[in-house]
>>> print(open('coords-v7.pdb').read())   # PDB, C-alpha atoms
ATOM      1  CA  MET A 205      -6.249 -20.118  -9.191  1.00  0.00           C
ATOM      2  CA  THR A 206      -6.205 -16.379  -9.337  1.00  0.00           C
ATOM      3  CA  LEU A 207      -7.589 -13.988  -6.772  1.00  0.00           C
ATOM      4  CA  LEU A 208      -8.318 -11.538  -9.531  1.00  0.00           C
ATOM      5  CA  LYS A 209     -11.942 -11.576 -10.615  1.00  0.00           C
ATOM      6  CA  LYS A 210     -13.293 -10.131 -13.821  1.00  0.00           C
ATOM      7  CA  GLU A 211     -15.970  -8.238 -11.884  1.00  0.00           C
ATOM      8  CA  ALA A 212     -13.218  -6.548  -9.903  1.00  0.00           C
ATOM      9  CA  VAL A 213     -11.409  -4.977 -12.851  1.00  0.00           C
ATOM     10  CA  TYR A 214     -12.361  -1.782 -14.666  1.00  0.00           C
ATOM     11  CA  LEU A 215     -10.153  -0.452 -17.428  1.00  0.00           C
ATOM     12  CA  GLY A 216     -10.381   3.055 -18.866  1.00  0.00           C
ATOM     13  CA  ALA A 217     -12.539   4.665 -16.176  1.00  0.00           C
ATOM     14  CA  GLU A 218     -13.268   8.296 -17.001  1.00  0.00           C
ATOM     15  CA  LEU A 219     -13.322  10.027 -13.627  1.00  0.00           C
ATOM     16  CA  ASP A 220     -11.978  13.330 -12.467  1.00  0.00           C
ATOM     17  CA  ASN A 221     -11.433  13.104  -8.728  1.00  0.00           C
ATOM     18  CA  ALA A 222      -9.976  10.828  -6.070  1.00  0.00           C
ATOM     19  CA  ILE A 223     -13.249  10.219  -4.216  1.00  0.00           C
ATOM     20  CA  ASP A 224     -14.972   8.958  -7.372  1.00  0.00           C
ATOM     21  CA  ALA A 225     -12.009   6.708  -8.129  1.00  0.00           C
ATOM     22  CA  ILE A 226     -12.024   5.230  -4.605  1.00  0.00           C
ATOM     23  CA  THR A 227     -15.807   4.810  -4.822  1.00  0.00           C
ATOM     24  CA  LEU A 228     -15.525   2.864  -8.069  1.00  0.00           C
ATOM     25  CA  SER A 229     -12.743   0.665  -6.654  1.00  0.00           C
ATOM     26  CA  GLY A 230     -15.032  -0.063  -3.672  1.00  0.00           C
ATOM     27  CA  GLU A 231     -18.036  -0.850  -5.871  1.00  0.00           C
ATOM     28  CA  LEU A 232     -15.896  -3.400  -7.683  1.00  0.00           C
ATOM     29  CA  LEU A 233     -14.989  -5.028  -4.354  1.00  0.00           C
ATOM     30  CA  VAL A 234     -18.699  -5.280  -3.599  1.00  0.00           C
ATOM     31  CA  SER A 235     -19.601  -6.796  -6.978  1.00  0.00           C
ATOM     32  CA  ALA A 236     -16.799  -9.339  -6.630  1.00  0.00           C
ATOM     33  CA  GLY A 237     -18.124 -10.323  -3.190  1.00  0.00           C
ATOM     34  CA  TYR A 238     -15.072  -9.099  -1.273  1.00  0.00           C
ATOM     35  CA  ALA A 239     -16.780  -6.434   0.793  1.00  0.00           C
ATOM     36  CA  LYS A 240     -20.029  -4.847   1.851  1.00  0.00           C
ATOM     37  CA  LYS A 241     -20.976  -1.389   0.709  1.00  0.00           C
ATOM     38  CA  GLU A 242     -19.964   0.125   4.041  1.00  0.00           C
ATOM     39  CA  TYR A 243     -16.348  -0.792   3.286  1.00  0.00           C
ATOM     40  CA  THR A 244     -16.335   1.752   0.453  1.00  0.00           C
ATOM     41  CA  ASP A 245     -17.587   4.444   2.810  1.00  0.00           C
ATOM     42  CA  ALA A 246     -14.847   3.493   5.271  1.00  0.00           C
ATOM     43  CA  MET A 247     -12.169   3.763   2.566  1.00  0.00           C
ATOM     44  CA  ILE A 248     -13.419   7.237   1.649  1.00  0.00           C
ATOM     45  CA  LYS A 249     -13.498   8.257   5.288  1.00  0.00           C
ATOM     46  CA  GLY A 250      -9.938   6.975   5.679  1.00  0.00           C
ATOM     47  CA  PHE A 251      -8.838   9.011   2.697  1.00  0.00           C
ATOM     48  CA  ASN A 252     -10.558  12.128   4.010  1.00  0.00           C
ATOM     49  CA  ASP A 253      -9.184  11.640   7.530  1.00  0.00           C
ATOM     50  CA  VAL A 254      -5.626  10.554   6.947  1.00  0.00           C
ATOM     51  CA  GLY A 255      -5.022  11.954   3.515  1.00  0.00           C
ATOM     52  CA  PRO A 256      -3.380  10.829   0.329  1.00  0.00           C
ATOM     53  CA  TYR A 257      -0.892   8.422   1.897  1.00  0.00           C
ATOM     54  CA  ILE A 258      -2.652   5.604   0.047  1.00  0.00           C
ATOM     55  CA  VAL A 259      -0.730   6.739  -3.024  1.00  0.00           C
ATOM     56  CA  ILE A 260       2.075   4.348  -2.175  1.00  0.00           C
ATOM     57  CA  ALA A 261       4.148   4.718  -5.324  1.00  0.00           C
ATOM     58  CA  PRO A 262       4.177   6.978  -8.380  1.00  0.00           C
ATOM     59  CA  GLY A 263       0.825   6.586 -10.106  1.00  0.00           C
ATOM     60  CA  ILE A 264      -0.506   3.885  -7.756  1.00  0.00           C
ATOM     61  CA  ALA A 265      -3.120   4.213  -4.984  1.00  0.00           C
ATOM     62  CA  ILE A 266      -4.256   1.373  -2.735  1.00  0.00           C
ATOM     63  CA  PRO A 267      -7.406   2.432  -0.893  1.00  0.00           C
ATOM     64  CA  HIS A 268      -8.266   0.113   1.986  1.00  0.00           C
ATOM     65  CA  SER A 269      -9.878   0.019   5.395  1.00  0.00           C
ATOM     66  CA  ARG A 270      -9.892  -2.264   8.383  1.00  0.00           C
ATOM     67  CA  PRO A 271     -11.416  -5.770   8.283  1.00  0.00           C
ATOM     68  CA  GLU A 272     -14.218  -4.894  10.708  1.00  0.00           C
ATOM     69  CA  LYS A 273     -15.435  -2.150   8.388  1.00  0.00           C
ATOM     70  CA  GLY A 274     -17.255  -4.572   6.124  1.00  0.00           C
ATOM     71  CA  ALA A 275     -14.625  -6.785   4.540  1.00  0.00           C
ATOM     72  CA  LEU A 276     -15.987 -10.213   3.577  1.00  0.00           C
ATOM     73  CA  LYS A 277     -12.968 -11.937   2.049  1.00  0.00           C
ATOM     74  CA  THR A 278      -9.375 -11.224   1.191  1.00  0.00           C
ATOM     75  CA  GLY A 279      -9.289  -9.701  -2.264  1.00  0.00           C
ATOM     76  CA  PHE A 280      -8.576  -6.699  -4.397  1.00  0.00           C
ATOM     77  CA  SER A 281      -9.969  -4.666  -7.249  1.00  0.00           C
ATOM     78  CA  LEU A 282      -8.234  -2.763 -10.002  1.00  0.00           C
ATOM     79  CA  VAL A 283      -9.338   0.473 -11.622  1.00  0.00           C
ATOM     80  CA  ARG A 284      -7.300   1.888 -14.467  1.00  0.00           C
ATOM     81  CA  LEU A 285      -8.139   5.508 -15.094  1.00  0.00           C
ATOM     82  CA  LYS A 286      -8.277   6.812 -18.643  1.00  0.00           C
ATOM     83  CA  ASP A 287      -6.667  10.053 -17.540  1.00  0.00           C
ATOM     84  CA  PRO A 288      -4.569  10.196 -14.354  1.00  0.00           C
ATOM     85  CA  ILE A 289      -6.038  12.035 -11.352  1.00  0.00           C
ATOM     86  CA  ASN A 290      -4.342  14.041  -8.602  1.00  0.00           C
ATOM     87  CA  PHE A 291      -4.915  12.587  -5.131  1.00  0.00           C
ATOM     88  CA  GLY A 292      -3.023  15.383  -3.388  1.00  0.00           C
ATOM     89  CA  HIS A 293       0.209  13.467  -2.823  1.00  0.00           C
ATOM     90  CA  ASP A 294       3.398  15.554  -2.917  1.00  0.00           C
ATOM     91  CA  LYS A 295       5.523  13.117  -4.840  1.00  0.00           C
ATOM     92  CA  ASN A 296       3.464  10.280  -6.274  1.00  0.00           C
ATOM     93  CA  ASP A 297       0.666  12.098  -8.093  1.00  0.00           C
ATOM     94  CA  PRO A 298      -0.977  11.752 -10.537  1.00  0.00           C
ATOM     95  CA  VAL A 299      -2.628   8.373 -10.023  1.00  0.00           C
ATOM     96  CA  GLN A 300      -3.621   6.066 -12.827  1.00  0.00           C
ATOM     97  CA  LEU A 301      -4.027   2.716 -11.059  1.00  0.00           C
ATOM     98  CA  VAL A 302      -6.350   2.334  -8.096  1.00  0.00           C
ATOM     99  CA  CYS A 303      -6.074  -1.047  -6.420  1.00  0.00           C
ATOM    100  CA  ALA A 304      -8.499  -1.380  -3.474  1.00  0.00           C
ATOM    101  CA  ILE A 305      -7.651  -4.084  -0.967  1.00  0.00           C
ATOM    102  CA  THR A 306      -9.666  -6.089   1.557  1.00  0.00           C
ATOM    103  CA  GLY A 307      -8.554  -8.510   4.225  1.00  0.00           C
ATOM    104  CA  THR A 308     -10.524 -10.320   6.877  1.00  0.00           C
ATOM    105  CA  GLY A 309      -8.135 -11.344   9.624  1.00  0.00           C
ATOM    106  CA  ASN A 310      -5.238  -9.362  10.943  1.00  0.00           C
ATOM    107  CA  ASN A 311      -2.848 -11.243   8.724  1.00  0.00           C
ATOM    108  CA  GLY A 312      -4.923 -12.949   6.048  1.00  0.00           C
ATOM    109  CA  HIS A 313      -4.155 -10.343   3.457  1.00  0.00           C
ATOM    110  CA  ILE A 314      -0.410 -10.141   3.955  1.00  0.00           C
ATOM    111  CA  GLU A 315       0.513 -12.682   1.335  1.00  0.00           C
ATOM    112  CA  MET A 316      -1.785 -11.011  -1.178  1.00  0.00           C
ATOM    113  CA  LEU A 317      -0.386  -7.573  -0.367  1.00  0.00           C
ATOM    114  CA  GLN A 318       3.116  -8.874  -0.863  1.00  0.00           C
ATOM    115  CA  LYS A 319       2.231 -10.316  -4.240  1.00  0.00           C
ATOM    116  CA  ILE A 320       0.486  -7.144  -5.343  1.00  0.00           C
ATOM    117  CA  ALA A 321       3.506  -5.147  -4.217  1.00  0.00           C
ATOM    118  CA  ILE A 322       5.799  -7.364  -6.257  1.00  0.00           C
ATOM    119  CA  ILE A 323       3.660  -6.970  -9.373  1.00  0.00           C
ATOM    120  CA  LEU A 324       3.025  -3.241  -9.082  1.00  0.00           C
ATOM    121  CA  GLY A 325       6.625  -2.626  -8.038  1.00  0.00           C
ATOM    122  CA  ASP A 326       7.874  -4.325 -11.206  1.00  0.00           C
ATOM    123  CA  ARG A 327       8.231  -1.557 -13.771  1.00  0.00           C
ATOM    124  CA  GLU A 328       7.703  -3.844 -16.730  1.00  0.00           C
ATOM    125  CA  LYS A 329       4.509  -5.296 -15.262  1.00  0.00           C
ATOM    126  CA  HIS A 330       3.299  -1.859 -14.239  1.00  0.00           C
ATOM    127  CA  LYS A 331       3.760  -0.748 -17.851  1.00  0.00           C
ATOM    128  CA  GLN A 332       1.970  -3.856 -19.131  1.00  0.00           C
ATOM    129  CA  ILE A 333      -0.991  -3.148 -16.850  1.00  0.00           C
ATOM    130  CA  LEU A 334      -1.185   0.399 -18.212  1.00  0.00           C
ATOM    131  CA  GLU A 335      -1.172  -0.963 -21.760  1.00  0.00           C
ATOM    132  CA  ALA A 336      -3.442  -4.006 -21.319  1.00  0.00           C
ATOM    133  CA  LYS A 337      -6.413  -3.988 -23.677  1.00  0.00           C
ATOM    134  CA  ASN A 338      -8.818  -6.188 -21.749  1.00  0.00           C
ATOM    135  CA  PHE A 339      -9.308  -8.415 -18.720  1.00  0.00           C
ATOM    136  CA  GLY A 340      -7.595 -11.294 -20.511  1.00  0.00           C
ATOM    137  CA  ASP A 341      -4.396  -9.272 -20.796  1.00  0.00           C
ATOM    138  CA  ILE A 342      -4.613  -8.264 -17.132  1.00  0.00           C
ATOM    139  CA  ALA A 343      -5.136 -11.869 -16.056  1.00  0.00           C
ATOM    140  CA  GLN A 344      -1.885 -12.772 -17.825  1.00  0.00           C
ATOM    141  CA  ILE A 345      -0.005 -10.128 -15.849  1.00  0.00           C
ATOM    142  CA  ILE A 346      -1.621 -10.404 -12.425  1.00  0.00           C
ATOM    143  CA  THR A 347      -1.444 -14.093 -11.712  1.00  0.00           C
ATOM    144  CA  ILE A 348      -2.189 -14.181  -7.996  1.00  0.00           C
TER     145      ILE A 348
ATOM    146  CA  MET B 124      15.932  -3.786  17.681  1.00  0.00           C
ATOM    147  CA  TYR B 125      12.331  -2.846  17.265  1.00  0.00           C
ATOM    148  CA  ILE B 126      10.897  -0.962  14.306  1.00  0.00           C
ATOM    149  CA  LEU B 127       7.475   0.569  14.212  1.00  0.00           C
ATOM    150  CA  SER B 128       6.009   0.934  10.740  1.00  0.00           C
ATOM    151  CA  VAL B 129       3.161   3.359  10.633  1.00  0.00           C
ATOM    152  CA  CYS B 130       0.292   4.023   8.253  1.00  0.00           C
ATOM    153  CA  GLY B 131      -3.136   5.541   8.461  1.00  0.00           C
ATOM    154  CA  MET B 132      -4.796   2.379   9.701  1.00  0.00           C
ATOM    155  CA  GLY B 133      -1.993   0.048  10.704  1.00  0.00           C
ATOM    156  CA  PHE B 134      -3.214  -2.519   8.277  1.00  0.00           C
ATOM    157  CA  GLY B 135      -2.163  -1.920   4.692  1.00  0.00           C
ATOM    158  CA  THR B 136       0.895   0.057   3.819  1.00  0.00           C
ATOM    159  CA  SER B 137       2.553  -0.288   7.219  1.00  0.00           C
ATOM    160  CA  LEU B 138       2.435  -4.082   6.976  1.00  0.00           C
ATOM    161  CA  MET B 139       3.905  -4.003   3.485  1.00  0.00           C
ATOM    162  CA  LEU B 140       6.653  -1.744   4.691  1.00  0.00           C
ATOM    163  CA  LEU B 141       7.454  -3.872   7.727  1.00  0.00           C
ATOM    164  CA  MET B 142       7.669  -7.046   5.643  1.00  0.00           C
ATOM    165  CA  ASP B 143       9.984  -5.377   3.160  1.00  0.00           C
ATOM    166  CA  ILE B 144      12.208  -4.042   5.912  1.00  0.00           C
ATOM    167  CA  GLN B 145      12.400  -7.405   7.650  1.00  0.00           C
ATOM    168  CA  SER B 146      13.285  -9.302   4.500  1.00  0.00           C
ATOM    169  CA  MET B 147      15.828  -6.665   3.457  1.00  0.00           C
ATOM    170  CA  ALA B 148      17.398  -6.747   6.940  1.00  0.00           C
ATOM    171  CA  LYS B 149      17.537 -10.530   6.891  1.00  0.00           C
ATOM    172  CA  GLU B 150      19.392 -10.499   3.567  1.00  0.00           C
ATOM    173  CA  HIS B 151      22.024  -8.396   5.265  1.00  0.00           C
ATOM    174  CA  GLY B 152      22.220 -10.570   8.353  1.00  0.00           C
ATOM    175  CA  TYR B 153      20.101  -8.550  10.762  1.00  0.00           C
ATOM    176  CA  THR B 154      17.045  -9.643  12.660  1.00  0.00           C
ATOM    177  CA  VAL B 155      14.501  -6.903  13.040  1.00  0.00           C
ATOM    178  CA  ASP B 156      11.479  -7.134  15.298  1.00  0.00           C
ATOM    179  CA  GLY B 157       8.667  -4.787  14.723  1.00  0.00           C
ATOM    180  CA  GLU B 158       5.059  -3.987  14.530  1.00  0.00           C
ATOM    181  CA  ALA B 159       2.756  -2.324  12.034  1.00  0.00           C
ATOM    182  CA  THR B 160       0.507   0.237  13.584  1.00  0.00           C
ATOM    183  CA  ASP B 161      -1.751   3.176  12.884  1.00  0.00           C
ATOM    184  CA  LEU B 162      -0.842   6.802  13.313  1.00  0.00           C
ATOM    185  CA  GLY B 163      -2.828   7.310  16.516  1.00  0.00           C
ATOM    186  CA  SER B 164      -1.294   4.306  18.317  1.00  0.00           C
ATOM    187  CA  ALA B 165       2.222   5.051  17.104  1.00  0.00           C
ATOM    188  CA  LYS B 166       2.619   8.253  19.026  1.00  0.00           C
ATOM    189  CA  GLY B 167       4.717   7.813  22.137  1.00  0.00           C
ATOM    190  CA  LYS B 168       5.317   4.121  21.545  1.00  0.00           C
ATOM    191  CA  ASN B 169       8.623   2.622  22.584  1.00  0.00           C
ATOM    192  CA  CYS B 170      10.784   1.619  19.609  1.00  0.00           C
ATOM    193  CA  ASP B 171      14.190   2.231  18.037  1.00  0.00           C
ATOM    194  CA  LEU B 172      12.972   3.563  14.761  1.00  0.00           C
ATOM    195  CA  MET B 173       9.747   4.618  13.101  1.00  0.00           C
ATOM    196  CA  VAL B 174       9.198   4.189   9.388  1.00  0.00           C
ATOM    197  CA  ALA B 175       6.305   5.634   7.434  1.00  0.00           C
ATOM    198  CA  SER B 176       5.297   6.931   4.049  1.00  0.00           C
ATOM    199  CA  SER B 177       6.201  10.572   3.583  1.00  0.00           C
ATOM    200  CA  GLU B 178       2.647  11.765   4.202  1.00  0.00           C
ATOM    201  CA  ILE B 179       2.447   9.992   7.548  1.00  0.00           C
ATOM    202  CA  ALA B 180       6.029  10.696   8.597  1.00  0.00           C
ATOM    203  CA  ALA B 181       5.265  14.412   8.600  1.00  0.00           C
ATOM    204  CA  GLU B 182       2.703  13.768  11.349  1.00  0.00           C
ATOM    205  CA  LEU B 183       5.261  11.979  13.523  1.00  0.00           C
ATOM    206  CA  SER B 184       7.817  14.762  13.697  1.00  0.00           C
ATOM    207  CA  ASP B 185       7.331  15.265  17.450  1.00  0.00           C
ATOM    208  CA  GLU B 186       8.504  11.760  18.351  1.00  0.00           C
ATOM    209  CA  ASN B 187      11.795  11.198  20.154  1.00  0.00           C
ATOM    210  CA  VAL B 188      13.030   8.396  17.918  1.00  0.00           C
ATOM    211  CA  PRO B 189      14.501   8.615  14.413  1.00  0.00           C
ATOM    212  CA  ILE B 190      11.834   8.710  11.736  1.00  0.00           C
ATOM    213  CA  VAL B 191      12.417   7.481   8.222  1.00  0.00           C
ATOM    214  CA  SER B 192      10.149   8.718   5.499  1.00  0.00           C
ATOM    215  CA  ILE B 193       9.604   6.604   2.386  1.00  0.00           C
ATOM    216  CA  ASP B 194       8.187   8.146  -0.799  1.00  0.00           C
ATOM    217  CA  ASN B 195       7.761   5.055  -2.931  1.00  0.00           C
ATOM    218  CA  LEU B 196       6.727   2.068  -0.819  1.00  0.00           C
ATOM    219  CA  LEU B 197       7.199  -0.291  -3.740  1.00  0.00           C
ATOM    220  CA  ASP B 198      10.773   0.764  -4.353  1.00  0.00           C
ATOM    221  CA  LYS B 199      12.969  -1.715  -2.516  1.00  0.00           C
ATOM    222  CA  ASN B 200      16.071   0.335  -3.288  1.00  0.00           C
ATOM    223  CA  GLU B 201      14.695   3.411  -1.602  1.00  0.00           C
ATOM    224  CA  ILE B 202      13.759   1.343   1.445  1.00  0.00           C
ATOM    225  CA  LYS B 203      17.212  -0.223   1.575  1.00  0.00           C
ATOM    226  CA  GLU B 204      19.115   3.016   1.044  1.00  0.00           C
ATOM    227  CA  LYS B 205      17.223   4.806   3.778  1.00  0.00           C
ATOM    228  CA  ILE B 206      16.828   2.074   6.365  1.00  0.00           C
ATOM    229  CA  LEU B 207      19.832  -0.245   6.158  1.00  0.00           C
ATOM    230  CA  PRO B 208      22.256   2.448   7.393  1.00  0.00           C
ATOM    231  CA  MET B 209      19.947   3.097  10.352  1.00  0.00           C
ATOM    232  CA  ILE B 210      19.798  -0.604  11.213  1.00  0.00           C
ATOM    233  CA  GLU B 211      23.574  -0.882  10.985  1.00  0.00           C
ATOM    234  CA  LYS B 212      23.983   2.133  13.186  1.00  0.00           C
ATOM    235  CA  LEU B 213      21.581   0.780  15.808  1.00  0.00           C
ATOM    236  CA  TYR B 214      23.271  -2.610  15.823  1.00  0.00           C
ATOM    237  CA  LYS B 215      26.677  -1.110  16.330  1.00  0.00           C
ATOM    238  CA  GLY B 216      25.326   1.088  19.075  1.00  0.00           C
ATOM    239  CA  VAL B 217      26.893   4.251  17.754  1.00  0.00           C
TER     240      VAL B 217
END
>>> encode(input="coords-v7.pdb", output="structure tokens")
Amino acid sequence: MTLLKKEAVYLGAELDNAIDAITLSGELLVSAGYAKKEYTDAMIKGFNDVGPYIVIAPGIAIPHSRPEKGALKTGFSLVRLKDPINFGHDKNDPVQLVCAITGTGNNGHIEMLQKIAIILGDREKHKQILEAKNFGDIAQIITI
Amino acid sequence: MYILSVCGMGFGTSLMLLMDIQSMAKEHGYTVDGEATDLGSAKGKNCDLMVASSEIAAELSDENVPIVSIDNLLDKNEIKEKILPMIEKLYKGV
């Protein structure tokens, strides 16, 4: 059983700014049934208010907001950008993977976050995600 | 000892960071208590150490406790190299 849904993955997005990338990652959460539309707005507000800290590692951003901002279930979406985008982070720009996260309780998403961190923190898997041709390939790599 | 991990909302990156720190500390025989929190609540809170991503750490520079700034939150080596010495120091009380 994988948490990753086909509706929540978009490979090769052609976008040119961080807000559009976060918006797309939020729209995927909505189509996969993980969040309401307002959650996307909250992620954008978070990015505007607190800045590019969501770029947690080189090339990887994890937009998210708080559960009460419209999260429906614990889940995540994955956007792979065709061309990397600058999010304004000193060290970790440019971003090519945008992995939006939702969680409903205070702790419900911890296990998922940990698994995502293990996958994205694994250089080989990170490389495989960048090279994957379709959802089938991604589903072989992200098995949570 | 008590570590405060801080992120923009106290929900995503700070939790990841805290879990990594606790499991790293455990591997080295230390028990670390802590809490993940958001930037606004972190200010002035009582703790031995604050840890945050580099972007957030810059906002905490006025605090009276040591602040560790992490650039790559997925890099367990960076976390270990920066935080383990601090934990050891706090445990030995020097």
>>> resolve_selection(input="coords-v7.pdb", expression="the PyMOL selection byres ((chain B) within 9 of (chain A))", output="JSON, numbers by chain")
{"B": [130, 131, 132, 133, 134, 135, 136, 138, 139, 142, 143, 162, 176, 177, 178, 179, 194, 195, 196, 197, 198, 199]}
>>> resolve_selection(input="coords-v7.pdb", expression="the PyMOL selection byres ((chain A and resi 300) around 8)", output="MDAnalysis selection string")
chainID A and resid 263:264 284:289 298:299 301:302
>>> closest_residue(input="coords-v7.pdb", among="B:Leu140, B:Ala180, B:Met173, B:Ile126", to="Gly157 (chain B)", atoms="all atoms listed in the file")
B:Ile126
>>> atom_distance(input="coords-v7.pdb", atom1="CA of Ala343 (chain A)", atom2="CA of Lys331 (chain A)")
14.4 Å
>>> closest_residue(input="coords-v7.pdb", among="B:Val188, B:Ala165, B:Thr154, B:Ala175", to="Ile202 (chain B)", atoms="all atoms listed in the file")
B:Ala175
>>> atom_distance(input="coords-v7.pdb", atom1="CA of Pro189 (chain B)", atom2="CA of Asp297 (chain A)")
26.6 Å
>>> resolve_selection(input="coords-v7.pdb", expression="the PyMOL selection byres ((chain B and resi 172) around 12)", output="NGL selection string")
:B and (124-129 or 141 or 144 or 155-158 or 165 or 167-171 or 173-175 or 180 or 183 or 186-192 or 205-210 or 212-213)
>>> atom_distance(input="coords-v7.pdb", atom1="CA of Ala159 (chain B)", atom2="CA of Ala246 (chain A)")
19.7 Å
>>> closest_residue(input="coords-v7.pdb", among="A:Val283, A:Ala336, A:Ile342, A:Ala212", to="Ala265 (chain A)", atoms="all atoms listed in the file")
A:Val283
>>> closest_residue(input="coords-v7.pdb", among="A:Ala222, A:Leu334, A:Leu207, A:Ile348", to="Gly237 (chain A)", atoms="all atoms listed in the file")
A:Leu207
>>> build_atoms(input="coords-v7.pdb", residues="region 172-179 of chain B", atoms="all heavy atoms", output="short mmCIF file (atom, residue, chain, number, x, y, z; two decimals), keeping the file's coordinate frame")
data_model
loop_
_atom_site.label_atom_id
_atom_site.label_comp_id
_atom_site.auth_asym_id
_atom_site.auth_seq_id
_atom_site.Cartn_x
_atom_site.Cartn_y
_atom_site.Cartn_z
N LEU B 172 13.06 2.87 16.04
CA LEU B 172 12.97 3.56 14.76
C LEU B 172 11.52 3.53 14.29
O LEU B 172 10.84 2.52 14.45
CB LEU B 172 13.87 2.80 13.77
CG LEU B 172 14.05 3.32 12.35
CD1 LEU B 172 14.81 4.64 12.39
CD2 LEU B 172 14.84 2.31 11.54
N MET B 173 11.07 4.63 13.72
CA MET B 173 9.75 4.62 13.10
C MET B 173 9.91 4.82 11.60
O MET B 173 10.73 5.64 11.17
CB MET B 173 8.87 5.74 13.64
CG MET B 173 8.37 5.51 15.05
SD MET B 173 7.11 6.74 15.49
CE MET B 173 6.89 6.36 17.22
N VAL B 174 9.15 4.07 10.84
CA VAL B 174 9.20 4.19 9.39
C VAL B 174 7.78 4.42 8.88
O VAL B 174 6.84 3.76 9.33
CB VAL B 174 9.76 2.90 8.74
CG1 VAL B 174 9.93 3.08 7.25
CG2 VAL B 174 11.07 2.51 9.37
N ALA B 175 7.64 5.35 7.96
CA ALA B 175 6.30 5.63 7.43
C ALA B 175 6.42 6.23 6.05
O ALA B 175 7.49 6.70 5.64
CB ALA B 175 5.58 6.60 8.35
N SER B 176 5.31 6.23 5.33
CA SER B 176 5.30 6.93 4.05
C SER B 176 5.43 8.42 4.34
O SER B 176 5.14 8.88 5.44
CB SER B 176 4.01 6.63 3.28
OG SER B 176 2.91 7.09 4.02
N SER B 177 5.87 9.16 3.34
CA SER B 177 6.20 10.57 3.58
C SER B 177 5.03 11.35 4.17
O SER B 177 5.21 12.19 5.05
CB SER B 177 6.69 11.22 2.29
OG SER B 177 5.86 10.88 1.21
N GLU B 178 3.83 11.06 3.71
CA GLU B 178 2.65 11.76 4.20
C GLU B 178 2.46 11.58 5.70
O GLU B 178 2.10 12.48 6.43
CB GLU B 178 1.39 11.22 3.52
CG GLU B 178 1.36 11.43 2.02
CD GLU B 178 1.00 12.85 1.66
OE1 GLU B 178 0.23 13.45 2.42
OE2 GLU B 178 1.48 13.34 0.63
N ILE B 179 2.67 10.33 6.15
CA ILE B 179 2.45 9.99 7.55
C ILE B 179 3.63 10.45 8.40
O ILE B 179 3.46 10.92 9.52
CB ILE B 179 2.24 8.46 7.70
CG1 ILE B 179 1.03 8.00 6.88
CG2 ILE B 179 2.11 8.06 9.15
CD1 ILE B 179 -0.31 8.32 7.46
#
